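Have a look at the structure below before the remarks.
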Amino acid sequence: MPFVKEKFTVPKKMPAFLFIMRTFSFTQGQAQRVLAKGRLLINGESIFNTGGTVEGEVEVVYFKPDSKGNAPLFHNKDFMVFEKYSGVLVHPNTMATPYSLLDEIRTIAGDNANAVHRIDMETSGLLMASKHKKAESYLKTSFESRGIQKSYLAWVDGKLTEPFSISEPIKINNDYSQTKHKVFISKEGKASHTDFTPLHYDKSLDATLVACYPHTGRTHQIRVHLFHVKHPILGDPIYGTTFKAANDYLEDELSPEDRMSEMGASRLMLHAQSLTFNFGSKFHIESKSDFKGMKDLICEKEKRVFNR
C-alpha cells in the first residue's frame, strides 16, 4: 500500500513543519503541503495548521513507494524514461490506490523525483520522470512549450491508406448528461493539430495501425481527432461507443466480454512510442514494446458492435 500511517514520538515541542522536514528530509514547502492536506494527526485528528506545534505521539500519513521491479528503459543523473503498461496509473488517484508508476519513480530516485507529464491509465508506452526538482522544472516547461516531441501508435477502426492531418479545435466538455466525452470538437475550443500516417492495414480485423504526431497538447487530442474522422481508436471506452457503454465503463459495471464487443478491444489501443528532445544532448528514445503485435487484443470484426 503506497500510503501508510506511521506513529512517531516528538521528544520536545517544535513547529510541526520542522518535525516533518527533519523526519522525511522534506523542504519547508513540501512539509507544509503535508500539513495542509491533513496528513499529520494527533489523537486521530488531522492537524491543518501549518504554523502549529507538536509534541509527544503523532501519526503521519505519507507515500511509501512499493516497487514491483519495473526498471526504467533509460536513465541518467537527471531523468528516467519508463515503459508504462496499460492499466497502470502514473500517480495514485486516491490514497487507496495499490500501485502506480510513482512507486517505481520514488523507489529509484527518492521523494523529489516525479513524473513530468501524464498519459491516460489505459495508454501504454513511454513515460518520463525527473530525478530532482531542477530537472522537473526544465522538463515540464519543455513539454508545455512543445520542446519535447512525442509520437504515438494507435490501432483504429477501418481502413486508412494515406497520411492526413487534423486541425480541429478542442473544447472541454462541462455537461456529461448527453455524452461522456471529456472533450469535443468546437469552434469555441483551443487550436489543436495532429498529423497521422497509416502504417499497416489488417484486413481480417478491418483495423489500421497509425502513427500519430500531436503538435499541440490538448486533453484526449489524438482520441477525439480520430473519432472526428470516424476512425476511433479500438478499445476506446469513451469516444466511438454508446452513452450507456461509456457510462457502464466509468461506473465499473462493464464486463470484459461487453468491453470487447462494445469498444472493439480489451484496452485502449494507444501507445506512446517515442520522445525526442534536448537536455544537454539530443535524445530520441523509442519504446521497445511490440505494439503492432498486440492486435490479438482487438475484437474480431464480425463481433464488434460499437458505432462509428
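Chain labels A, B, ... are given in the sequence in which chains occur in the C-alpha cells; within each chain residues are numbered consecutively from 1, and ligands are likewise numbered from 1 in the order shown.
For Val10 of chain A, the residues within 10 Å (counting only C-alpha atoms, excluding itself and residues fewer than 5 positions away along the chain) are Ala16, Phe19, Val54, Glu55, Gly56, Glu57 and Val58 of chain A.
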List every residue of segment 22-255 of chain A that DSSP, applied to the backbone, labels as helix (DSSP H, G or I), and write the result as a short mmCIF file (atom, residue, chain, number, x, y, z; two decimals) with N, CA and C atoms, in the first residue's frame.
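And here is the file that came out, out16.cif:
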data_model
loop_
_atom_site.label_atom_id
_atom_site.label_comp_id
_atom_site.auth_asym_id
_atom_site.auth_seq_id
_atom_site.Cartn_x
_atom_site.Cartn_y
_atom_site.Cartn_z
N ARG A 22 12.47 17.42 9.13
CA ARG A 22 13.58 16.62 9.67
C ARG A 22 13.33 15.13 9.53
N THR A 23 12.07 14.72 9.70
CA THR A 23 11.75 13.29 9.67
C THR A 23 11.83 12.72 8.26
N PHE A 24 11.38 13.51 7.26
CA PHE A 24 11.28 12.99 5.89
C PHE A 24 12.25 13.65 4.92
N GLN A 28 10.67 22.96 3.24
CA GLN A 28 9.61 23.57 4.04
C GLN A 28 8.28 23.56 3.28
N GLY A 29 8.34 23.82 1.97
CA GLY A 29 7.13 23.81 1.16
C GLY A 29 6.47 22.44 1.14
N GLN A 30 7.28 21.38 1.00
CA GLN A 30 6.74 20.02 1.00
C GLN A 30 6.12 19.69 2.36
N ALA A 31 6.79 20.08 3.43
CA ALA A 31 6.28 19.81 4.77
C ALA A 31 4.95 20.52 5.01
N GLN A 32 4.85 21.76 4.58
CA GLN A 32 3.61 22.50 4.79
C GLN A 32 2.46 21.94 3.95
N ARG A 33 2.77 21.35 2.79
CA ARG A 33 1.72 20.70 1.99
C ARG A 33 1.19 19.45 2.71
N VAL A 34 2.09 18.71 3.40
CA VAL A 34 1.65 17.56 4.20
C VAL A 34 0.66 18.01 5.25
N LEU A 35 0.97 19.12 5.92
CA LEU A 35 0.07 19.64 6.96
C LEU A 35 -1.23 20.14 6.37
N ALA A 36 -1.14 20.86 5.26
CA ALA A 36 -2.35 21.43 4.64
C ALA A 36 -3.31 20.34 4.18
N LEU A 101 2.93 4.12 -11.21
CA LEU A 101 4.32 4.24 -11.65
C LEU A 101 5.14 5.10 -10.70
N LEU A 102 4.47 5.94 -9.91
CA LEU A 102 5.18 6.74 -8.91
C LEU A 102 5.91 5.86 -7.91
N ASP A 103 5.41 4.64 -7.67
CA ASP A 103 6.13 3.71 -6.79
C ASP A 103 7.53 3.43 -7.32
N GLU A 104 7.65 3.23 -8.62
CA GLU A 104 8.97 2.97 -9.21
C GLU A 104 9.83 4.23 -9.22
N ILE A 105 9.22 5.36 -9.58
CA ILE A 105 9.94 6.62 -9.68
C ILE A 105 10.57 7.00 -8.35
N ARG A 106 9.77 6.92 -7.27
CA ARG A 106 10.27 7.32 -5.95
C ARG A 106 11.21 6.27 -5.35
N THR A 107 11.01 5.00 -5.68
CA THR A 107 11.92 3.96 -5.20
C THR A 107 13.32 4.20 -5.74
N ILE A 108 13.41 4.58 -7.00
CA ILE A 108 14.71 4.77 -7.64
C ILE A 108 15.38 6.08 -7.23
N ALA A 109 14.60 7.17 -7.18
CA ALA A 109 15.24 8.49 -7.05
C ALA A 109 14.75 9.32 -5.86
N LYS A 133 14.35 18.35 -8.57
CA LYS A 133 13.43 19.45 -8.83
C LYS A 133 13.88 20.33 -10.01
N LYS A 134 15.17 20.54 -10.17
CA LYS A 134 15.66 21.35 -11.28
C LYS A 134 15.30 20.71 -12.61
N ALA A 135 15.50 19.40 -12.71
CA ALA A 135 15.15 18.68 -13.94
C ALA A 135 13.64 18.67 -14.14
N GLU A 136 12.88 18.54 -13.06
CA GLU A 136 11.42 18.55 -13.15
C GLU A 136 10.92 19.85 -13.77
N SER A 137 11.45 20.98 -13.28
CA SER A 137 11.03 22.28 -13.80
C SER A 137 11.37 22.41 -15.27
N TYR A 138 12.58 22.02 -15.66
CA TYR A 138 13.01 22.14 -17.06
C TYR A 138 12.16 21.26 -17.97
N LEU A 139 11.95 20.02 -17.57
CA LEU A 139 11.23 19.08 -18.44
C LEU A 139 9.75 19.41 -18.54
N LYS A 140 9.13 19.83 -17.44
CA LYS A 140 7.72 20.23 -17.51
C LYS A 140 7.54 21.43 -18.43
N THR A 141 8.45 22.38 -18.33
CA THR A 141 8.39 23.55 -19.22
C THR A 141 8.59 23.13 -20.66
N SER A 142 9.48 22.18 -20.90
CA SER A 142 9.74 21.70 -22.27
C SER A 142 8.52 21.01 -22.86
N PHE A 143 7.79 20.24 -22.04
CA PHE A 143 6.56 19.62 -22.52
C PHE A 143 5.52 20.69 -22.85
N GLU A 144 5.38 21.67 -21.96
CA GLU A 144 4.37 22.71 -22.16
C GLU A 144 4.66 23.57 -23.39
N GLN A 221 -6.47 14.59 -27.22
CA GLN A 221 -6.39 15.15 -28.58
C GLN A 221 -6.42 14.08 -29.67
N ILE A 222 -5.54 13.08 -29.56
CA ILE A 222 -5.48 12.04 -30.59
C ILE A 222 -6.79 11.28 -30.64
N ARG A 223 -7.35 10.98 -29.49
CA ARG A 223 -8.58 10.19 -29.43
C ARG A 223 -9.75 10.92 -30.08
N VAL A 224 -9.92 12.20 -29.76
CA VAL A 224 -11.07 12.92 -30.30
C VAL A 224 -10.88 13.26 -31.77
N HIS A 225 -9.63 13.48 -32.21
CA HIS A 225 -9.39 13.76 -33.62
C HIS A 225 -9.70 12.53 -34.48
N LEU A 226 -9.30 11.35 -34.02
CA LEU A 226 -9.59 10.14 -34.79
C LEU A 226 -11.08 9.80 -34.75
N PHE A 227 -11.72 10.04 -33.63
CA PHE A 227 -13.17 9.85 -33.56
C PHE A 227 -13.88 10.80 -34.53
N HIS A 228 -13.37 12.01 -34.65
CA HIS A 228 -14.00 13.02 -35.52
C HIS A 228 -14.01 12.58 -36.98
N PHE A 243 -23.51 5.98 -25.24
CA PHE A 243 -23.57 6.65 -23.93
C PHE A 243 -23.64 5.61 -22.82
N LYS A 244 -24.49 4.58 -23.01
CA LYS A 244 -24.67 3.56 -21.97
C LYS A 244 -23.38 2.78 -21.74
N ALA A 245 -22.71 2.38 -22.82
CA ALA A 245 -21.47 1.61 -22.67
C ALA A 245 -20.40 2.43 -21.98
N ALA A 246 -20.28 3.70 -22.37
CA ALA A 246 -19.29 4.58 -21.73
C ALA A 246 -19.62 4.76 -20.25
N ASN A 247 -20.90 4.94 -19.94
CA ASN A 247 -21.31 5.13 -18.55
C ASN A 247 -21.06 3.87 -17.73
N ASP A 248 -21.37 2.70 -18.31
CA ASP A 248 -21.12 1.44 -17.61
C ASP A 248 -19.63 1.25 -17.35
N TYR A 249 -18.80 1.64 -18.30
CA TYR A 249 -17.36 1.55 -18.11
C TYR A 249 -16.91 2.44 -16.96
N LEU A 250 -17.37 3.69 -16.95
CA LEU A 250 -16.97 4.64 -15.92
C LEU A 250 -17.48 4.23 -14.54
#
Could you give me the residues within segment 115-257 of chain A that DSSP places in strand (DSSP E or B), as number ranges by chain?
A: 115, 124-130, 149-157, 164-166, 170-172, 183-185, 190, 194-202, 207-214, 233
Who sits within 7 Å of Phe82 of chain A, only C-alpha atoms, same chain under 5 positions skipped, as number ranges by chain
A: 72-73, 126-128
I'd like the neighbourhood of Lys203 of chain A as a ChimeraX atom specification, where a residue qualifies if any of its atoms comes within 10 Å (using only C-alpha atoms), though same-chain residues fewer than 2 positions away should be ignored.
/A:158-159,200-201,205-208,301
With N, CA and C atoms retained, export the selected residues as a PDB file, in the first residue's frame.
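The resulting file, again_26.pdb, is shown below:
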ATOM      1  N   GLY A 158     -11.348   0.480 -39.096  1.00  0.00           N
ATOM      2  CA  GLY A 158     -11.471   0.782 -40.514  1.00  0.00           C
ATOM      3  C   GLY A 158     -10.140   0.891 -41.247  1.00  0.00           C
ATOM      4  N   LYS A 159     -10.247   1.187 -42.534  1.00  0.00           N
ATOM      5  CA  LYS A 159      -9.071   1.231 -43.401  1.00  0.00           C
ATOM      6  C   LYS A 159      -8.651   2.663 -43.691  1.00  0.00           C
ATOM      7  N   HIS A 200      -0.049   0.162 -41.410  1.00  0.00           N
ATOM      8  CA  HIS A 200      -0.385  -1.231 -41.752  1.00  0.00           C
ATOM      9  C   HIS A 200      -1.884  -1.438 -41.618  1.00  0.00           C
ATOM     10  N   TYR A 201      -2.478  -2.094 -42.598  1.00  0.00           N
ATOM     11  CA  TYR A 201      -3.905  -2.420 -42.544  1.00  0.00           C
ATOM     12  C   TYR A 201      -4.072  -3.925 -42.396  1.00  0.00           C
ATOM     13  N   LEU A 205      -9.169  -7.930 -39.460  1.00  0.00           N
ATOM     14  CA  LEU A 205      -9.707  -7.175 -38.328  1.00  0.00           C
ATOM     15  C   LEU A 205     -10.373  -5.874 -38.762  1.00  0.00           C
ATOM     16  N   ASP A 206     -10.200  -5.513 -40.039  1.00  0.00           N
ATOM     17  CA  ASP A 206     -10.635  -4.205 -40.529  1.00  0.00           C
ATOM     18  C   ASP A 206     -10.116  -3.116 -39.587  1.00  0.00           C
ATOM     19  N   ALA A 207      -8.786  -3.138 -39.381  1.00  0.00           N
ATOM     20  CA  ALA A 207      -8.141  -2.206 -38.447  1.00  0.00           C
ATOM     21  C   ALA A 207      -6.826  -1.723 -39.041  1.00  0.00           C
ATOM     22  N   THR A 208      -6.491  -0.467 -38.782  1.00  0.00           N
ATOM     23  CA  THR A 208      -5.263   0.129 -39.314  1.00  0.00           C
ATOM     24  C   THR A 208      -4.372   0.586 -38.171  1.00  0.00           C
ATOM     25  N   LYS A 301     -13.730  -8.517 -36.276  1.00  0.00           N
ATOM     26  CA  LYS A 301     -14.562  -7.542 -36.981  1.00  0.00           C
ATOM     27  C   LYS A 301     -16.049  -7.859 -36.862  1.00  0.00           C
TER      28      LYS A 301
END
Rows by chain and residue number, segment 125-227 of chain A within 9 Å of segment 263-278 of chain A, shortest pair, only C-alpha atoms, as CSV:
residue,atom,partner,partner_atom,distance
A:Gly125,CA,A:Ala272,CA,4.3
A:Leu126,CA,A:Ala272,CA,5.3
A:Leu127,CA,A:Ala272,CA,7.9
A:Met128,CA,A:Leu275,CA,8.8
A:Ser142,CA,A:Phe277,CA,8.4
A:Gly147,CA,A:Phe277,CA,6.5
A:Ile148,CA,A:Phe277,CA,4.7
A:Gln149,CA,A:Thr276,CA,5.1
A:Lys150,CA,A:Leu275,CA,4.9
A:Ser151,CA,A:Ser274,CA,5.2
A:Tyr152,CA,A:Ala272,CA,4.5
A:Leu153,CA,A:His271,CA,5.1
A:Ala154,CA,A:Leu270,CA,4.5
A:Trp155,CA,A:Met269,CA,5.5
A:Val156,CA,A:Met269,CA,7.7
A:Asp157,CA,A:Gly264,CA,8.1
A:Ala211,CA,A:Gln273,CA,8.8
A:Arg223,CA,A:Leu270,CA,8.7
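Atom CA of Thr194 of chain A sits 10.3 Å away from atom CA of Arg218 of chain A.
Of the listed residues (A:Leu160, A:Ile119, A:Ala96, A:Val4), A:Leu160 comes nearest to Pro232 of chain A; the distances count only C-alpha atoms.
Minimum atom-to-atom distances from A:Glu59, A:Asp202, A:Asp252, A:Glu45 to Ile20 of chain A were compared using only C-alpha atoms, and the lowest value belongs to A:Glu59.
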